[in-house]
file run-v3.pdb (PDB, C-alpha atoms, pLDDT in the B column)
ATOM      1  CA  MET A   1     127.059 141.191  99.686  1.00 56.00           C
ATOM      2  CA  SER A   2     129.737 141.397 102.129  1.00 61.00           C
ATOM      3  CA  THR A   3     130.280 144.619 103.911  1.00 69.00           C
ATOM      4  CA  ASP A   4     133.494 143.637 105.567  1.00 67.00           C
ATOM      5  CA  THR A   5     135.368 146.778 106.484  1.00 74.00           C
ATOM      6  CA  THR A   6     138.500 145.184 107.851  1.00 73.00           C
ATOM      7  CA  PRO A   7     141.541 146.673 106.168  1.00 72.00           C
ATOM      8  CA  VAL A   8     143.615 144.341 103.980  1.00 67.00           C
ATOM      9  CA  PRO A   9     147.130 144.176 105.388  1.00 69.00           C
ATOM     10  CA  PRO A  10     149.684 145.641 102.936  1.00 69.00           C
ATOM     11  CA  ILE A  11     152.172 143.241 101.379  1.00 71.00           C
ATOM     12  CA  ASN A  12     155.361 143.543 103.321  1.00 82.00           C
ATOM     13  CA  LYS A  13     158.128 145.001 101.154  1.00 84.00           C
ATOM     14  CA  TRP A  14     160.761 143.040 103.037  1.00 83.00           C
ATOM     15  CA  ILE A  15     159.192 139.703 102.150  1.00 85.00           C
ATOM     16  CA  ILE A  16     159.171 140.629  98.458  1.00 86.00           C
ATOM     17  CA  ALA A  17     162.816 141.751  98.664  1.00 87.00           C
ATOM     18  CA  LEU A  18     163.735 138.460 100.373  1.00 87.00           C
ATOM     19  CA  LEU A  19     162.028 136.375  97.689  1.00 88.00           C
ATOM     20  CA  ILE A  20     163.729 138.324  94.884  1.00 91.00           C
ATOM     21  CA  SER A  21     167.094 137.973  96.630  1.00 90.00           C
ATOM     22  CA  ILE A  22     166.636 134.199  96.971  1.00 91.00           C
ATOM     23  CA  ALA A  23     165.709 133.916  93.290  1.00 90.00           C
ATOM     24  CA  VAL A  24     168.745 135.944  92.152  1.00 89.00           C
ATOM     25  CA  ASN A  25     171.107 133.996  94.430  1.00 89.00           C
ATOM     26  CA  GLY A  26     169.705 130.713  93.131  1.00 86.00           C
ATOM     27  CA  LEU A  27     170.256 131.852  89.555  1.00 85.00           C
ATOM     28  CA  LEU A  28     173.848 132.905  90.265  1.00 85.00           C
ATOM     29  CA  ALA A  29     174.606 129.657  92.109  1.00 85.00           C
ATOM     30  CA  GLY A  30     173.199 127.663  89.189  1.00 83.00           C
ATOM     31  CA  LEU A  31     175.369 129.549  86.712  1.00 80.00           C
ATOM     32  CA  LEU A  32     178.443 129.025  88.872  1.00 79.00           C
ATOM     33  CA  LEU A  33     177.782 125.293  89.240  1.00 77.00           C
ATOM     34  CA  SER A  34     177.180 124.881  85.521  1.00 74.00           C
ATOM     35  CA  LYS A  35     180.637 126.367  84.833  1.00 69.00           C
ATOM     36  CA  GLN A  36     182.229 123.954  87.317  1.00 66.00           C
ATOM     37  CA  VAL A  37     180.479 120.838  86.030  1.00 59.00           C
ATOM     38  CA  LYS A  38     180.772 121.639  82.328  1.00 54.00           C
ATOM     39  CA  PRO A  39     183.592 119.630  80.694  1.00 54.00           C
ATOM     40  CA  ALA A  40     186.451 121.482  79.083  1.00 53.00           C
ATOM     41  CA  GLY A  41     185.920 122.247  75.443  1.00 52.00           C
ATOM     42  CA  PRO A  42     188.107 121.101  72.573  1.00 50.00           C
ATOM     43  CA  GLY A  43     190.084 124.351  72.677  1.00 48.00           C
ATOM     44  CA  SER A  44     191.488 123.783  76.168  1.00 49.00           C
ATOM     45  CA  ASP A  45     194.953 122.295  76.161  1.00 48.00           C
ATOM     46  CA  TRP A  46     195.397 121.559  79.877  1.00 47.00           C
ATOM     47  CA  SER A  47     193.553 119.021  81.967  1.00 47.00           C
ATOM     48  CA  ARG A  48     193.096 119.518  85.698  1.00 46.00           C
ATOM     49  CA  SER A  49     195.921 117.123  86.552  1.00 45.00           C
ATOM     50  CA  GLN A  50     198.282 119.069  84.331  1.00 45.00           C
ATOM     51  CA  HIS A  51     197.336 122.281  86.132  1.00 41.00           C
ATOM     52  CA  ALA A  52     198.211 120.748  89.494  1.00 38.00           C
ATOM     53  CA  VAL A  53     201.551 119.378  88.468  1.00 40.00           C
ATOM     54  CA  GLN A  54     202.985 120.229  85.103  1.00 42.00           C
ATOM     55  CA  ILE A  55     204.959 117.155  84.126  1.00 43.00           C
ATOM     56  CA  ARG A  56     206.880 116.844  80.920  1.00 48.00           C
ATOM     57  CA  PRO A  57     204.866 114.312  78.914  1.00 52.00           C
ATOM     58  CA  ASN A  58     207.966 112.441  77.772  1.00 58.00           C
ATOM     59  CA  GLY A  59     210.020 112.511  80.947  1.00 70.00           C
ATOM     60  CA  PRO A  60     212.282 109.688  82.124  1.00 75.00           C
ATOM     61  CA  ARG A  61     209.570 108.088  84.226  1.00 75.00           C
ATOM     62  CA  HIS A  62     207.335 107.823  81.177  1.00 73.00           C
ATOM     63  CA  LEU A  63     210.065 105.906  79.363  1.00 77.00           C
ATOM     64  CA  VAL A  64     210.312 103.248  82.057  1.00 81.00           C
ATOM     65  CA  ARG A  65     206.612 103.105  82.936  1.00 78.00           C
ATOM     66  CA  ASN A  66     205.991  99.838  81.047  1.00 79.00           C
ATOM     67  CA  LEU A  67     209.026  98.019  82.441  1.00 83.00           C
ATOM     68  CA  PRO A  68     208.694  95.482  85.258  1.00 85.00           C
ATOM     69  CA  PRO A  69     209.145  97.136  88.685  1.00 87.00           C
ATOM     70  CA  GLU A  70     212.547  95.556  89.354  1.00 90.00           C
ATOM     71  CA  ARG A  71     213.939  96.620  85.981  1.00 87.00           C
ATOM     72  CA  ARG A  72     212.424 100.088  86.329  1.00 84.00           C
ATOM     73  CA  LYS A  73     214.090 100.582  89.713  1.00 87.00           C
ATOM     74  CA  GLN A  74     217.421  99.304  88.396  1.00 88.00           C
ATOM     75  CA  VAL A  75     217.348 101.608  85.356  1.00 86.00           C
ATOM     76  CA  MET A  76     216.399 104.708  87.335  1.00 85.00           C
ATOM     77  CA  MET A  77     218.937 104.086  90.116  1.00 86.00           C
ATOM     78  CA  THR A  78     221.753 103.494  87.640  1.00 88.00           C
ATOM     79  CA  ALA A  79     220.782 106.554  85.618  1.00 84.00           C
ATOM     80  CA  MET A  80     220.678 108.732  88.749  1.00 84.00           C
ATOM     81  CA  LYS A  81     224.087 107.460  89.903  1.00 85.00           C
ATOM     82  CA  ASN A  82     225.565 108.166  86.466  1.00 84.00           C
ATOM     83  CA  LEU A  83     223.963 111.605  86.442  1.00 80.00           C
ATOM     84  CA  GLU A  84     225.420 112.506  89.842  1.00 80.00           C
ATOM     85  CA  SER A  85     228.834 111.093  88.915  1.00 81.00           C
ATOM     86  CA  GLN A  86     228.896 113.506  85.945  1.00 79.00           C
ATOM     87  CA  GLY A  87     228.619 116.372  88.415  1.00 77.00           C
ATOM     88  CA  ASN A  88     224.972 117.215  87.758  1.00 76.00           C
ATOM     89  CA  GLU A  89     222.840 118.178  90.713  1.00 78.00           C
ATOM     90  CA  HIS A  90     220.045 115.823  91.786  1.00 79.00           C
ATOM     91  CA  PRO A  91     216.719 116.942  90.272  1.00 81.00           C
ATOM     92  CA  ARG A  92     214.922 116.777  93.621  1.00 84.00           C
ATOM     93  CA  LYS A  93     217.381 119.268  95.110  1.00 88.00           C
ATOM     94  CA  LEU A  94     216.859 121.552  92.125  1.00 87.00           C
ATOM     95  CA  PHE A  95     213.074 121.326  92.478  1.00 89.00           C
ATOM     96  CA  LYS A  96     213.379 122.138  96.195  1.00 92.00           C
ATOM     97  CA  ARG A  97     215.569 125.167  95.465  1.00 92.00           C
ATOM     98  CA  LEU A  98     213.121 126.275  92.743  1.00 91.00           C
ATOM     99  CA  ARG A  99     210.194 126.074  95.182  1.00 93.00           C
ATOM    100  CA  GLN A 100     212.154 128.078  97.744  1.00 93.00           C
ATOM    101  CA  ALA A 101     213.055 130.723  95.155  1.00 92.00           C
ATOM    102  CA  LYS A 102     209.409 131.047  94.125  1.00 92.00           C
ATOM    103  CA  HIS A 103     208.355 131.433  97.771  1.00 92.00           C
ATOM    104  CA  LYS A 104     211.047 134.079  98.230  1.00 92.00           C
ATOM    105  CA  THR A 105     209.722 135.976  95.206  1.00 90.00           C
ATOM    106  CA  MET A 106     206.190 135.855  96.564  1.00 91.00           C
ATOM    107  CA  ARG A 107     207.408 137.206  99.938  1.00 91.00           C
ATOM    108  CA  LEU A 108     209.140 140.057  98.117  1.00 89.00           C
ATOM    109  CA  LEU A 109     205.952 140.837  96.210  1.00 88.00           C
ATOM    110  CA  ARG A 110     203.933 140.987  99.442  1.00 88.00           C
ATOM    111  CA  ALA A 111     206.396 143.336 101.168  1.00 86.00           C
ATOM    112  CA  GLU A 112     205.306 146.859 102.051  1.00 88.00           C
ATOM    113  CA  GLU A 113     208.117 148.481 100.089  1.00 88.00           C
ATOM    114  CA  LEU A 114     208.788 147.202  96.588  1.00 84.00           C
ATOM    115  CA  ASP A 115     212.431 146.139  96.220  1.00 86.00           C
ATOM    116  CA  THR A 116     212.815 145.810  92.457  1.00 87.00           C
ATOM    117  CA  LYS A 117     216.481 144.775  92.626  1.00 91.00           C
ATOM    118  CA  ALA A 118     215.703 141.861  94.948  1.00 90.00           C
ATOM    119  CA  ILE A 119     212.737 140.795  92.794  1.00 89.00           C
ATOM    120  CA  GLU A 120     214.905 140.911  89.652  1.00 92.00           C
ATOM    121  CA  GLN A 121     217.561 138.776  91.381  1.00 93.00           C
ATOM    122  CA  SER A 122     214.935 136.316  92.570  1.00 91.00           C
ATOM    123  CA  LEU A 123     213.422 136.017  89.094  1.00 91.00           C
ATOM    124  CA  ALA A 124     216.900 135.551  87.614  1.00 93.00           C
ATOM    125  CA  GLU A 125     217.523 132.764  90.131  1.00 93.00           C
ATOM    126  CA  ILE A 126     214.240 131.100  89.109  1.00 92.00           C
ATOM    127  CA  ARG A 127     215.264 131.337  85.444  1.00 93.00           C
ATOM    128  CA  THR A 128     218.662 129.806  86.226  1.00 93.00           C
ATOM    129  CA  LEU A 129     217.109 126.960  88.200  1.00 91.00           C
ATOM    130  CA  ASN A 130     214.610 126.261  85.407  1.00 90.00           C
ATOM    131  CA  GLN A 131     217.515 126.081  82.955  1.00 90.00           C
ATOM    132  CA  LYS A 132     219.456 123.744  85.255  1.00 88.00           C
ATOM    133  CA  LEU A 133     216.375 121.556  85.619  1.00 86.00           C
ATOM    134  CA  ALA A 134     215.966 121.374  81.844  1.00 85.00           C
ATOM    135  CA  VAL A 135     219.612 120.383  81.364  1.00 84.00           C
ATOM    136  CA  SER A 136     219.414 117.881  84.214  1.00 83.00           C
ATOM    137  CA  GLY A 137     216.198 116.400  82.799  1.00 81.00           C
ATOM    138  CA  ASP A 138     217.744 116.025  79.357  1.00 82.00           C
ATOM    139  CA  ALA A 139     220.819 114.362  80.833  1.00 84.00           C
ATOM    140  CA  LEU A 140     218.620 112.010  82.857  1.00 84.00           C
ATOM    141  CA  MET A 141     216.615 111.123  79.735  1.00 83.00           C
ATOM    142  CA  ILE A 142     219.845 110.250  77.924  1.00 84.00           C
ATOM    143  CA  GLU A 143     221.035 108.167  80.878  1.00 85.00           C
ATOM    144  CA  VAL A 144     217.736 106.285  81.043  1.00 84.00           C
ATOM    145  CA  LEU A 145     217.813 105.654  77.295  1.00 85.00           C
ATOM    146  CA  ALA A 146     221.396 104.386  77.587  1.00 86.00           C
ATOM    147  CA  GLN A 147     220.235 101.833  80.186  1.00 84.00           C
ATOM    148  CA  LEU A 148     217.387 100.473  78.043  1.00 84.00           C
ATOM    149  CA  THR A 149     217.771  97.692  75.516  1.00 86.00           C
ATOM    150  CA  SER A 150     216.709  98.214  71.926  1.00 88.00           C
ATOM    151  CA  ALA A 151     213.450  96.309  72.459  1.00 88.00           C
ATOM    152  CA  GLU A 152     212.679  98.315  75.613  1.00 85.00           C
ATOM    153  CA  ARG A 153     213.289 101.605  73.753  1.00 84.00           C
ATOM    154  CA  LYS A 154     210.923 100.521  70.963  1.00 87.00           C
ATOM    155  CA  ALA A 155     208.251  99.522  73.488  1.00 85.00           C
ATOM    156  CA  ALA A 156     208.684 102.828  75.334  1.00 82.00           C
ATOM    157  CA  GLU A 157     208.372 104.761  72.070  1.00 83.00           C
ATOM    158  CA  ALA A 158     205.183 102.889  71.172  1.00 84.00           C
ATOM    159  CA  ALA A 159     203.746 103.568  74.641  1.00 81.00           C
ATOM    160  CA  LEU A 160     204.597 107.281  74.351  1.00 80.00           C
ATOM    161  CA  ARG A 161     202.858 107.443  70.970  1.00 83.00           C
ATOM    162  CA  GLN A 162     199.786 105.744  72.444  1.00 82.00           C
ATOM    163  CA  ARG A 163     199.719 108.200  75.367  1.00 79.00           C
ATOM    164  CA  LYS A 164     199.919 111.087  72.905  1.00 79.00           C
ATOM    165  CA  VAL A 165     196.923 109.734  70.969  1.00 81.00           C
ATOM    166  CA  GLN A 166     194.957 109.245  74.195  1.00 78.00           C
ATOM    167  CA  ARG A 167     195.826 112.767  75.364  1.00 77.00           C
ATOM    168  CA  ARG A 168     194.546 114.226  72.074  1.00 81.00           C
ATOM    169  CA  GLN A 169     191.367 112.142  72.267  1.00 79.00           C
ATOM    170  CA  ARG A 170     190.787 113.326  75.837  1.00 77.00           C
ATOM    171  CA  GLN A 171     191.113 116.932  74.725  1.00 78.00           C
ATOM    172  CA  ASP A 172     188.624 116.349  71.918  1.00 77.00           C
ATOM    173  CA  GLY A 173     186.243 114.473  74.233  1.00 72.00           C
ATOM    174  CA  GLN A 174     186.519 111.214  72.238  1.00 67.00           C
ATOM    175  CA  TYR A 175     188.553 109.119  74.681  1.00 58.00           C
ATOM    176  CA  GLN A 176     186.981 106.034  76.248  1.00 63.00           C
ATOM    177  CA  GLU A 177     188.782 104.526  79.251  1.00 62.00           C
ATOM    178  CA  PRO A 178     189.876 100.920  78.570  1.00 59.00           C
ATOM    179  CA  GLN A 179     188.004  98.417  80.715  1.00 56.00           C
TER     180      GLN A 179
END

call {"tool": "encode", "arguments": {"input": "run-v3.pdb", "output": "structure tokens"}}
result
Amino acid sequence: MSTDTTPVPPINKWIIALLISIAVNGLLAGLLLSKQVKPAGPGSDWSRSQHAVQIRPNGPRHLVRNLPPERRKQVMMTAMKNLESQGNEHPRKLFKRLRQAKHKTMRLLRAEELDTKAIEQSLAEIRTLNQKLAVSGDALMIEVLAQLTSAERKAAEAALRQRKVQRRQRQDGQYQEPQ
């Protein structure tokens, strides 16, 4: 028999707390990563690219996407010239003004004192610019369509239908990239 009388050192409480903390942090990190890696379910309507830039799915650029580069450039330049000659403002200028109005609103929201009148005016300006952009976009679509031949319009319509099908398949998780 052993008659060892040396005291057994007590288990350090700090080491146990550290190990538990590491385990909990690992569990939380794993849960967070699983949410990031997990693909969007069938109920989600927006892909990541649509969150970054919300583009109208049937905008003028989508109509001319399948045209040869020279023809595409000719159609868009002519449509933009016609749009500006009608007195409509260039869409890029409208987008720039919209961005500036949104930044102005955010500055007003961060201010120490809440100026509700200024915020209301800023939001009204954003609404007006969105309306102008919608009207300008519709006019540009009409101008682009006026520049296209009948065969080009039919091809563009078929391409838009195909994109719509692919977008739905992507949302349902059924889409396979063509190789």

call {"tool": "resolve_selection", "arguments": {"input": "run-v3.pdb", "expression": "the PyMOL selection byres ((chain A and resi 126) around 9)", "output": "MDAnalysis selection string"}}
result
chainID A and resid 97:99 101:102 121:125 127:131

call {"tool": "atom_distance", "arguments": {"input": "run-v3.pdb", "atom1": "atom CA of A:Thr149", "atom2": "atom CA of A:Lys164"}}
result
22.5 Å

call {"tool": "resolve_selection", "arguments": {"input": "run-v3.pdb", "expression": "the PyMOL selection byres ((chain A and resi 90) around 10)", "output": "PyMOL selection string"}}
result
chain A and resi 80-81+83-84+87-89+91-95+133+136-137+140

call {"tool": "residues_near_point", "arguments": {"input": "run-v3.pdb", "point": "(214.6, 107.3, 81.7)", "cutoff": "9 Å", "atoms": "all atoms listed in the file", "output": "PyMOL selection string"}}
result
chain A and resi 59-64+72+75-76+79+140-148

call {"tool": "build_atoms", "arguments": {"input": "run-v3.pdb", "residues": "stretch 115-129 of chain A", "atoms": "N, CA and C atoms", "output": "PDB file, in the frame of the given file"}}
result
ATOM      1  N   ASP A 115     210.992 146.195  96.454  1.00 86.00           N
ATOM      2  CA  ASP A 115     212.431 146.139  96.220  1.00 86.00           C
ATOM      3  C   ASP A 115     212.661 145.501  94.853  1.00 86.00           C
ATOM      4  N   THR A 116     212.731 146.325  93.829  1.00 87.00           N
ATOM      5  CA  THR A 116     212.815 145.810  92.457  1.00 87.00           C
ATOM      6  C   THR A 116     214.108 145.052  92.208  1.00 87.00           C
ATOM      7  N   LYS A 117     215.197 145.474  92.820  1.00 91.00           N
ATOM      8  CA  LYS A 117     216.481 144.775  92.626  1.00 91.00           C
ATOM      9  C   LYS A 117     216.398 143.350  93.161  1.00 91.00           C
ATOM     10  N   ALA A 118     215.824 143.189  94.346  1.00 90.00           N
ATOM     11  CA  ALA A 118     215.703 141.861  94.948  1.00 90.00           C
ATOM     12  C   ALA A 118     214.759 140.981  94.129  1.00 90.00           C
ATOM     13  N   ILE A 119     213.676 141.568  93.613  1.00 89.00           N
ATOM     14  CA  ILE A 119     212.737 140.795  92.794  1.00 89.00           C
ATOM     15  C   ILE A 119     213.411 140.358  91.498  1.00 89.00           C
ATOM     16  N   GLU A 120     214.182 141.261  90.881  1.00 92.00           N
ATOM     17  CA  GLU A 120     214.905 140.911  89.652  1.00 92.00           C
ATOM     18  C   GLU A 120     215.893 139.776  89.906  1.00 92.00           C
ATOM     19  N   GLN A 121     216.614 139.839  91.040  1.00 93.00           N
ATOM     20  CA  GLN A 121     217.561 138.776  91.381  1.00 93.00           C
ATOM     21  C   GLN A 121     216.837 137.458  91.617  1.00 93.00           C
ATOM     22  N   SER A 122     215.706 137.519  92.290  1.00 91.00           N
ATOM     23  CA  SER A 122     214.935 136.316  92.570  1.00 91.00           C
ATOM     24  C   SER A 122     214.407 135.696  91.275  1.00 91.00           C
ATOM     25  N   LEU A 123     213.903 136.529  90.380  1.00 91.00           N
ATOM     26  CA  LEU A 123     213.422 136.017  89.094  1.00 91.00           C
ATOM     27  C   LEU A 123     214.567 135.450  88.255  1.00 91.00           C
ATOM     28  N   ALA A 124     215.731 136.080  88.333  1.00 93.00           N
ATOM     29  CA  ALA A 124     216.900 135.551  87.614  1.00 93.00           C
ATOM     30  C   ALA A 124     217.308 134.191  88.181  1.00 93.00           C
ATOM     31  N   GLU A 125     217.203 134.046  89.501  1.00 93.00           N
ATOM     32  CA  GLU A 125     217.523 132.764  90.131  1.00 93.00           C
ATOM     33  C   GLU A 125     216.532 131.687  89.678  1.00 93.00           C
ATOM     34  N   ILE A 126     215.253 132.049  89.579  1.00 92.00           N
ATOM     35  CA  ILE A 126     214.240 131.100  89.109  1.00 92.00           C
ATOM     36  C   ILE A 126     214.545 130.680  87.677  1.00 92.00           C
ATOM     37  N   ARG A 127     214.911 131.647  86.834  1.00 93.00           N
ATOM     38  CA  ARG A 127     215.264 131.337  85.444  1.00 93.00           C
ATOM     39  C   ARG A 127     216.457 130.392  85.372  1.00 93.00           C
ATOM     40  N   THR A 128     217.466 130.657  86.195  1.00 93.00           N
ATOM     41  CA  THR A 128     218.662 129.806  86.226  1.00 93.00           C
ATOM     42  C   THR A 128     218.314 128.393  86.673  1.00 93.00           C
ATOM     43  N   LEU A 129     217.493 128.284  87.706  1.00 91.00           N
ATOM     44  CA  LEU A 129     217.109 126.960  88.200  1.00 91.00           C
ATOM     45  C   LEU A 129     216.271 126.211  87.167  1.00 91.00           C
TER      46      LEU A 129
END
